[in-house]
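S.K.: entry37.txt (compact mmCIF, N, CA and C atoms) pasted underneath:
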# COMPACT_ATOMS: atom_id res chain seq x y z
N PRO A 202 -4.85 -51.12 -23.83
CA PRO A 202 -5.47 -50.81 -25.10
C PRO A 202 -5.12 -49.38 -25.54
N PRO A 203 -4.98 -49.14 -26.84
CA PRO A 203 -4.64 -47.80 -27.31
C PRO A 203 -5.81 -46.85 -27.09
N ARG A 204 -5.46 -45.61 -26.84
CA ARG A 204 -6.50 -44.58 -26.66
C ARG A 204 -7.12 -44.26 -28.01
N SER A 205 -8.37 -43.96 -27.96
CA SER A 205 -9.08 -43.56 -29.17
C SER A 205 -8.57 -42.20 -29.64
N THR A 206 -8.61 -41.98 -30.94
CA THR A 206 -8.22 -40.68 -31.46
C THR A 206 -9.24 -39.60 -31.07
N LEU A 207 -10.38 -40.03 -30.58
CA LEU A 207 -11.40 -39.07 -30.13
C LEU A 207 -11.21 -38.66 -28.68
N PHE A 208 -10.24 -39.27 -27.99
CA PHE A 208 -10.04 -39.01 -26.57
C PHE A 208 -9.92 -37.52 -26.25
N PRO A 209 -9.09 -36.75 -26.96
CA PRO A 209 -8.99 -35.31 -26.62
C PRO A 209 -10.33 -34.58 -26.76
N TYR A 210 -11.10 -34.95 -27.76
CA TYR A 210 -12.40 -34.30 -27.96
C TYR A 210 -13.38 -34.68 -26.86
N THR A 211 -13.35 -35.93 -26.46
CA THR A 211 -14.23 -36.38 -25.39
C THR A 211 -13.93 -35.62 -24.10
N THR A 212 -12.65 -35.42 -23.82
CA THR A 212 -12.25 -34.68 -22.63
C THR A 212 -12.74 -33.24 -22.71
N LEU A 213 -12.60 -32.61 -23.88
CA LEU A 213 -13.07 -31.24 -24.05
C LEU A 213 -14.57 -31.13 -23.83
N PHE A 214 -15.33 -32.07 -24.39
CA PHE A 214 -16.79 -32.02 -24.25
C PHE A 214 -17.21 -32.23 -22.81
N ARG A 215 -16.52 -33.12 -22.10
CA ARG A 215 -16.84 -33.32 -20.68
C ARG A 215 -16.55 -32.05 -19.89
N SER A 216 -15.41 -31.42 -20.18
CA SER A 216 -15.04 -30.19 -19.49
C SER A 216 -16.06 -29.09 -19.78
N SER A 217 -16.48 -28.99 -21.03
CA SER A 217 -17.46 -27.99 -21.41
C SER A 217 -18.79 -28.24 -20.71
N GLY A 218 -19.18 -29.49 -20.63
CA GLY A 218 -20.43 -29.86 -19.94
C GLY A 218 -20.35 -29.56 -18.45
N ALA A 219 -19.18 -29.80 -17.86
CA ALA A 219 -18.99 -29.50 -16.43
C ALA A 219 -19.10 -27.99 -16.19
N CYS A 220 -18.51 -27.21 -17.09
CA CYS A 220 -18.60 -25.75 -16.96
C CYS A 220 -20.04 -25.28 -17.08
N LEU A 221 -20.78 -25.86 -18.02
CA LEU A 221 -22.18 -25.47 -18.19
C LEU A 221 -22.98 -25.80 -16.93
N ALA A 222 -22.71 -26.95 -16.33
CA ALA A 222 -23.42 -27.33 -15.10
C ALA A 222 -23.15 -26.33 -13.97
N ILE A 223 -21.95 -25.76 -13.95
CA ILE A 223 -21.60 -24.79 -12.91
C ILE A 223 -22.35 -23.48 -13.10
N ILE A 224 -22.46 -23.02 -14.34
CA ILE A 224 -23.09 -21.71 -14.56
C ILE A 224 -24.60 -21.78 -14.70
N GLN A 225 -25.14 -22.96 -15.00
CA GLN A 225 -26.58 -23.11 -15.25
C GLN A 225 -27.45 -22.49 -14.15
N PRO A 226 -27.16 -22.72 -12.87
CA PRO A 226 -28.02 -22.11 -11.83
C PRO A 226 -27.96 -20.58 -11.80
N LEU A 227 -26.92 -20.00 -12.39
CA LEU A 227 -26.79 -18.55 -12.40
C LEU A 227 -27.52 -17.89 -13.56
N LEU A 228 -27.97 -18.70 -14.50
CA LEU A 228 -28.68 -18.18 -15.67
C LEU A 228 -30.14 -17.94 -15.35
N PRO A 229 -30.74 -16.92 -15.93
CA PRO A 229 -32.19 -16.74 -15.78
C PRO A 229 -32.90 -17.96 -16.37
N PRO A 230 -34.04 -18.34 -15.81
CA PRO A 230 -34.76 -19.51 -16.31
C PRO A 230 -34.98 -19.51 -17.83
N ALA A 231 -35.24 -18.36 -18.40
CA ALA A 231 -35.50 -18.29 -19.84
C ALA A 231 -34.27 -18.65 -20.68
N LEU A 232 -33.08 -18.47 -20.11
CA LEU A 232 -31.85 -18.77 -20.86
C LEU A 232 -31.35 -20.19 -20.65
N ARG A 233 -31.76 -20.83 -19.58
CA ARG A 233 -31.22 -22.15 -19.24
C ARG A 233 -31.39 -23.18 -20.35
N GLY A 234 -32.47 -23.13 -21.05
CA GLY A 234 -32.72 -24.11 -22.10
C GLY A 234 -32.11 -23.76 -23.45
N VAL A 235 -31.64 -22.53 -23.62
CA VAL A 235 -31.14 -22.12 -24.94
C VAL A 235 -29.62 -21.96 -25.01
N VAL A 236 -28.95 -21.84 -23.87
CA VAL A 236 -27.50 -21.69 -23.86
C VAL A 236 -26.86 -23.06 -24.04
N LYS A 237 -25.98 -23.16 -25.03
CA LYS A 237 -25.27 -24.41 -25.32
C LYS A 237 -23.77 -24.18 -25.15
N PRO A 238 -23.07 -25.20 -24.66
CA PRO A 238 -21.63 -25.03 -24.48
C PRO A 238 -20.87 -25.19 -25.79
N GLY A 239 -19.88 -24.36 -25.97
CA GLY A 239 -18.94 -24.52 -27.07
C GLY A 239 -17.69 -25.18 -26.51
N ALA A 240 -16.70 -25.34 -27.34
CA ALA A 240 -15.46 -25.98 -26.91
C ALA A 240 -14.62 -25.03 -26.06
N PRO A 241 -14.10 -25.53 -24.95
CA PRO A 241 -13.19 -24.71 -24.15
C PRO A 241 -11.83 -24.65 -24.82
N GLU A 242 -11.14 -23.54 -24.64
CA GLU A 242 -9.79 -23.39 -25.16
C GLU A 242 -8.87 -23.16 -23.97
N ALA A 243 -7.63 -22.83 -24.23
CA ALA A 243 -6.63 -22.70 -23.17
C ALA A 243 -7.09 -21.80 -22.02
N ASP A 244 -7.58 -20.61 -22.33
CA ASP A 244 -7.99 -19.70 -21.26
C ASP A 244 -9.34 -19.06 -21.53
N SER A 245 -10.11 -19.66 -22.43
CA SER A 245 -11.43 -19.10 -22.72
C SER A 245 -12.43 -20.22 -23.01
N TRP A 246 -13.67 -19.83 -23.09
CA TRP A 246 -14.76 -20.78 -23.34
C TRP A 246 -15.81 -20.04 -24.15
N THR A 247 -16.50 -20.74 -25.01
CA THR A 247 -17.53 -20.13 -25.84
C THR A 247 -18.89 -20.69 -25.46
N LEU A 248 -19.86 -19.79 -25.34
CA LEU A 248 -21.25 -20.18 -25.14
C LEU A 248 -22.02 -19.83 -26.41
N LEU A 249 -22.89 -20.72 -26.82
CA LEU A 249 -23.66 -20.56 -28.04
C LEU A 249 -25.12 -20.29 -27.69
N VAL A 250 -25.69 -19.30 -28.35
CA VAL A 250 -27.10 -18.94 -28.12
C VAL A 250 -27.81 -18.78 -29.46
N PRO A 251 -29.14 -18.90 -29.47
CA PRO A 251 -29.87 -18.88 -30.74
C PRO A 251 -30.18 -17.50 -31.31
N HIS A 252 -30.10 -16.45 -30.48
CA HIS A 252 -30.48 -15.13 -31.00
C HIS A 252 -29.77 -14.02 -30.23
N ALA A 253 -29.80 -12.83 -30.83
CA ALA A 253 -29.08 -11.68 -30.28
C ALA A 253 -29.59 -11.25 -28.90
N ALA A 254 -30.87 -11.40 -28.65
CA ALA A 254 -31.41 -11.00 -27.34
C ALA A 254 -30.82 -11.86 -26.23
N ALA A 255 -30.70 -13.15 -26.48
CA ALA A 255 -30.09 -14.05 -25.49
C ALA A 255 -28.62 -13.70 -25.31
N ALA A 256 -27.94 -13.38 -26.39
CA ALA A 256 -26.52 -13.01 -26.32
C ALA A 256 -26.34 -11.75 -25.47
N ALA A 257 -27.21 -10.77 -25.66
CA ALA A 257 -27.11 -9.52 -24.92
C ALA A 257 -27.28 -9.75 -23.42
N LYS A 258 -28.26 -10.54 -23.06
CA LYS A 258 -28.50 -10.84 -21.64
C LYS A 258 -27.33 -11.62 -21.05
N LEU A 259 -26.84 -12.59 -21.81
CA LEU A 259 -25.74 -13.42 -21.34
C LEU A 259 -24.47 -12.59 -21.13
N ARG A 260 -24.23 -11.65 -22.02
CA ARG A 260 -23.04 -10.79 -21.89
C ARG A 260 -23.08 -9.97 -20.59
N GLN A 261 -24.28 -9.60 -20.14
CA GLN A 261 -24.41 -8.87 -18.87
C GLN A 261 -23.97 -9.73 -17.69
N LEU A 262 -24.11 -11.05 -17.83
CA LEU A 262 -23.81 -11.98 -16.74
C LEU A 262 -22.37 -12.50 -16.75
N LEU A 263 -21.60 -12.17 -17.79
CA LEU A 263 -20.27 -12.78 -17.96
C LEU A 263 -19.35 -12.62 -16.74
N PRO A 264 -19.23 -11.46 -16.12
CA PRO A 264 -18.34 -11.38 -14.96
C PRO A 264 -18.70 -12.37 -13.85
N LYS A 265 -19.99 -12.50 -13.61
CA LYS A 265 -20.47 -13.43 -12.58
C LYS A 265 -20.18 -14.88 -12.97
N LEU A 266 -20.34 -15.21 -14.25
CA LEU A 266 -20.11 -16.57 -14.73
C LEU A 266 -18.62 -16.93 -14.68
N VAL A 267 -17.77 -16.00 -15.09
CA VAL A 267 -16.32 -16.23 -15.04
C VAL A 267 -15.88 -16.46 -13.60
N SER A 268 -16.39 -15.65 -12.70
CA SER A 268 -16.06 -15.78 -11.28
C SER A 268 -16.48 -17.14 -10.73
N ALA A 269 -17.68 -17.58 -11.08
CA ALA A 269 -18.18 -18.88 -10.60
C ALA A 269 -17.31 -20.02 -11.12
N LEU A 270 -16.91 -19.95 -12.37
CA LEU A 270 -16.06 -21.00 -12.94
C LEU A 270 -14.70 -21.02 -12.26
N ASN A 271 -14.10 -19.86 -12.07
CA ASN A 271 -12.80 -19.80 -11.41
C ASN A 271 -12.86 -20.33 -9.99
N THR A 272 -13.92 -19.97 -9.27
CA THR A 272 -14.11 -20.44 -7.90
C THR A 272 -14.28 -21.96 -7.85
N ALA A 273 -14.93 -22.52 -8.87
CA ALA A 273 -15.19 -23.96 -8.91
C ALA A 273 -14.00 -24.77 -9.43
N GLY A 274 -12.88 -24.09 -9.73
CA GLY A 274 -11.70 -24.81 -10.18
C GLY A 274 -11.59 -25.01 -11.67
N HIS A 275 -12.38 -24.26 -12.43
CA HIS A 275 -12.31 -24.29 -13.89
C HIS A 275 -11.84 -22.92 -14.36
N PRO A 276 -10.53 -22.67 -14.27
CA PRO A 276 -10.03 -21.33 -14.60
C PRO A 276 -10.32 -20.93 -16.04
N VAL A 277 -11.00 -19.82 -16.17
CA VAL A 277 -11.36 -19.27 -17.47
C VAL A 277 -11.03 -17.79 -17.44
N GLY A 278 -10.26 -17.34 -18.41
CA GLY A 278 -9.94 -15.92 -18.48
C GLY A 278 -11.08 -15.11 -19.07
N ALA A 279 -11.79 -15.74 -20.01
CA ALA A 279 -12.88 -15.03 -20.69
C ALA A 279 -13.90 -16.03 -21.21
N ILE A 280 -15.12 -15.56 -21.34
CA ILE A 280 -16.19 -16.34 -21.98
C ILE A 280 -16.63 -15.54 -23.18
N ARG A 281 -16.66 -16.19 -24.33
CA ARG A 281 -17.16 -15.55 -25.55
C ARG A 281 -18.60 -16.03 -25.77
N VAL A 282 -19.40 -15.19 -26.34
CA VAL A 282 -20.79 -15.53 -26.66
C VAL A 282 -20.95 -15.43 -28.17
N LYS A 283 -21.45 -16.49 -28.76
CA LYS A 283 -21.68 -16.49 -30.21
C LYS A 283 -23.13 -16.84 -30.49
N VAL A 284 -23.70 -16.11 -31.43
CA VAL A 284 -25.07 -16.39 -31.87
C VAL A 284 -24.98 -17.43 -32.98
N LEU A 285 -25.71 -18.52 -32.79
CA LEU A 285 -25.72 -19.58 -33.80
C LEU A 285 -26.47 -19.10 -35.04
N LYS A 286 -25.92 -19.36 -36.16
CA LYS A 286 -26.61 -19.06 -37.43
C LYS A 286 -27.58 -20.21 -37.69
N THR A 287 -28.80 -19.85 -37.97
CA THR A 287 -29.78 -20.89 -38.29
C THR A 287 -29.94 -20.97 -39.79
N SER A 288 -30.13 -22.16 -40.26
CA SER A 288 -30.34 -22.34 -41.70
C SER A 288 -31.80 -22.68 -41.94
N PHE A 289 -32.35 -22.08 -42.95
CA PHE A 289 -33.74 -22.34 -43.29
C PHE A 289 -33.76 -23.32 -44.45
N GLN A 290 -34.55 -24.36 -44.29
CA GLN A 290 -34.59 -25.38 -45.34
C GLN A 290 -35.88 -25.33 -46.09
Would you write the structure of this file as structure tokens?

M.R.:
Amino acid sequence: PPRSTLFPYTTLFRSSGACLAIIQPLLPPALRGVVKPGAPEADSWTLLVPHAAAAAKLRQLLPKLVSALNTAGHPVGAIRVKVLKTSFQ
């Protein structure tokens, strides 16, 4: 059967979810529920957070998170942190 055109995206989302599972235990309990995975790229990965305070704390942990991912076989050169823009309706 032909592969779905969504196949590359499905693979990216699985990879991103696997990376999140690796770093989740390293996150402080308050951040575990708010950090969301972004799409992985060739040598980087993006984490999404709801506010600047979470981003600041997460940035302090980046060296440890990159190291854990590399050790687990998910080579990442860098992790970017982006604050999600919220829309008010």

S.K.: Could you tell me which of A:Leu227, A:Ala243, A:Val235, A:Ala253 comes closest to Pro276 of chain A if we count only N, CA and C atoms?

M.R.: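 Looking at the shortest contact to Pro276 of chain A, the residue is A:Ala243.
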
S.K.: With all atoms listed in the file as the counted atoms, please give the residues lying no more than 8 Å from segment 279-288 of chain A, apart from itself and same-chain residues fewer than 5 positions off, as an MDAnalysis selection string.

M.R.: chainID A and resid 243:253 255:256 259:260 263:264 266:267

S.K.: Please produce an output containing N, CA and C atoms for each residue in the selection, written as a PDB file, in the frame of the given file.

M.R.:
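Okay, this is what ended up in out16.pdb:
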ATOM      1  N   ALA A 243      -7.630 -22.830 -24.230  1.00  0.00           N
ATOM      2  CA  ALA A 243      -6.630 -22.700 -23.170  1.00  0.00           C
ATOM      3  C   ALA A 243      -7.090 -21.800 -22.020  1.00  0.00           C
ATOM      4  N   ASP A 244      -7.580 -20.610 -22.330  1.00  0.00           N
ATOM      5  CA  ASP A 244      -7.990 -19.700 -21.260  1.00  0.00           C
ATOM      6  C   ASP A 244      -9.340 -19.060 -21.530  1.00  0.00           C
ATOM      7  N   SER A 245     -10.110 -19.660 -22.430  1.00  0.00           N
ATOM      8  CA  SER A 245     -11.430 -19.100 -22.720  1.00  0.00           C
ATOM      9  C   SER A 245     -12.430 -20.220 -23.010  1.00  0.00           C
ATOM     10  N   TRP A 246     -13.670 -19.830 -23.090  1.00  0.00           N
ATOM     11  CA  TRP A 246     -14.760 -20.780 -23.340  1.00  0.00           C
ATOM     12  C   TRP A 246     -15.810 -20.040 -24.150  1.00  0.00           C
ATOM     13  N   THR A 247     -16.500 -20.740 -25.010  1.00  0.00           N
ATOM     14  CA  THR A 247     -17.530 -20.130 -25.840  1.00  0.00           C
ATOM     15  C   THR A 247     -18.890 -20.690 -25.460  1.00  0.00           C
ATOM     16  N   LEU A 248     -19.860 -19.790 -25.340  1.00  0.00           N
ATOM     17  CA  LEU A 248     -21.250 -20.180 -25.140  1.00  0.00           C
ATOM     18  C   LEU A 248     -22.020 -19.830 -26.410  1.00  0.00           C
ATOM     19  N   LEU A 249     -22.890 -20.720 -26.820  1.00  0.00           N
ATOM     20  CA  LEU A 249     -23.660 -20.560 -28.040  1.00  0.00           C
ATOM     21  C   LEU A 249     -25.120 -20.290 -27.690  1.00  0.00           C
ATOM     22  N   VAL A 250     -25.690 -19.300 -28.350  1.00  0.00           N
ATOM     23  CA  VAL A 250     -27.100 -18.940 -28.120  1.00  0.00           C
ATOM     24  C   VAL A 250     -27.810 -18.780 -29.460  1.00  0.00           C
ATOM     25  N   PRO A 251     -29.140 -18.900 -29.470  1.00  0.00           N
ATOM     26  CA  PRO A 251     -29.870 -18.880 -30.740  1.00  0.00           C
ATOM     27  C   PRO A 251     -30.180 -17.500 -31.310  1.00  0.00           C
ATOM     28  N   HIS A 252     -30.100 -16.450 -30.480  1.00  0.00           N
ATOM     29  CA  HIS A 252     -30.480 -15.130 -31.000  1.00  0.00           C
ATOM     30  C   HIS A 252     -29.770 -14.020 -30.230  1.00  0.00           C
ATOM     31  N   ALA A 253     -29.800 -12.830 -30.830  1.00  0.00           N
ATOM     32  CA  ALA A 253     -29.080 -11.680 -30.280  1.00  0.00           C
ATOM     33  C   ALA A 253     -29.590 -11.250 -28.900  1.00  0.00           C
ATOM     34  N   ALA A 255     -30.700 -13.150 -26.480  1.00  0.00           N
ATOM     35  CA  ALA A 255     -30.090 -14.050 -25.490  1.00  0.00           C
ATOM     36  C   ALA A 255     -28.620 -13.700 -25.310  1.00  0.00           C
ATOM     37  N   ALA A 256     -27.940 -13.380 -26.390  1.00  0.00           N
ATOM     38  CA  ALA A 256     -26.520 -13.010 -26.320  1.00  0.00           C
ATOM     39  C   ALA A 256     -26.340 -11.750 -25.470  1.00  0.00           C
ATOM     40  N   LEU A 259     -26.840 -12.590 -21.810  1.00  0.00           N
ATOM     41  CA  LEU A 259     -25.740 -13.420 -21.340  1.00  0.00           C
ATOM     42  C   LEU A 259     -24.470 -12.590 -21.130  1.00  0.00           C
ATOM     43  N   ARG A 260     -24.230 -11.650 -22.020  1.00  0.00           N
ATOM     44  CA  ARG A 260     -23.040 -10.790 -21.890  1.00  0.00           C
ATOM     45  C   ARG A 260     -23.080  -9.970 -20.590  1.00  0.00           C
ATOM     46  N   LEU A 263     -21.600 -12.170 -17.790  1.00  0.00           N
ATOM     47  CA  LEU A 263     -20.270 -12.780 -17.960  1.00  0.00           C
ATOM     48  C   LEU A 263     -19.350 -12.620 -16.740  1.00  0.00           C
ATOM     49  N   PRO A 264     -19.230 -11.460 -16.120  1.00  0.00           N
ATOM     50  CA  PRO A 264     -18.340 -11.380 -14.960  1.00  0.00           C
ATOM     51  C   PRO A 264     -18.700 -12.370 -13.850  1.00  0.00           C
ATOM     52  N   LEU A 266     -20.340 -15.210 -14.250  1.00  0.00           N
ATOM     53  CA  LEU A 266     -20.110 -16.570 -14.730  1.00  0.00           C
ATOM     54  C   LEU A 266     -18.620 -16.930 -14.680  1.00  0.00           C
ATOM     55  N   VAL A 267     -17.770 -16.000 -15.090  1.00  0.00           N
ATOM     56  CA  VAL A 267     -16.320 -16.230 -15.040  1.00  0.00           C
ATOM     57  C   VAL A 267     -15.880 -16.460 -13.600  1.00  0.00           C
TER      58      VAL A 267
END

S.K.: What gap, in Å, lies between atom CA of Ala273 of chain A and atom CA of Ala254 of chain A?

M.R.: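 Distance reported for this atom pair: 27.8 Å.
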
S.K.: With all atoms listed in the file as the atoms that count, which of A:Gly239, A:Lys265, A:Arg233, A:Asn271 lies nearest to Ser216 of chain A?

M.R.: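 Result for the nearest residue to Ser216 of chain A: A:Gly239.
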
S.K.: For Gly234 of chain A, work out the shell of residues within 12 Å, counting only C-alpha atoms and skipping chain neighbours fewer than 2 positions away, then give it as a list in words.

M.R.: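 Listing them by chain and then by number gives Leu221, Gln225, Pro226, Leu228, Pro229, Pro230, Ala231, Leu232, Val236, Lys237, Pro238, Leu249, Val250, Pro251 and Ala255 of chain A.
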
S.K.: Tell me, in Å to one decimal, how far atom C of Gly218 of chain A is from atom C of Ala257 of chain A.

M.R.: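 For atom C of Gly218 of chain A relative to atom C of Ala257 of chain A, the distance reads 21.6 Å.
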
S.K.: What gap, in Å, lies between atom N of Lys258 of chain A and atom CA of Gly274 of chain A?

M.R.: 25.4 Å

S.K.: Might I get the box with edges along x, y and z of the file that holds all atoms of segment 235-243 of chain A listed there, padded by 6 Å on every side, given as centre and edge lengths in Å to one decimal, as lines of an AutoDock Vina configuration file?

M.R.:
center_x = -19.1
center_y = -23.8
center_z = -24.7
size_x = 37.0
size_y = 16.3
size_z = 17.3
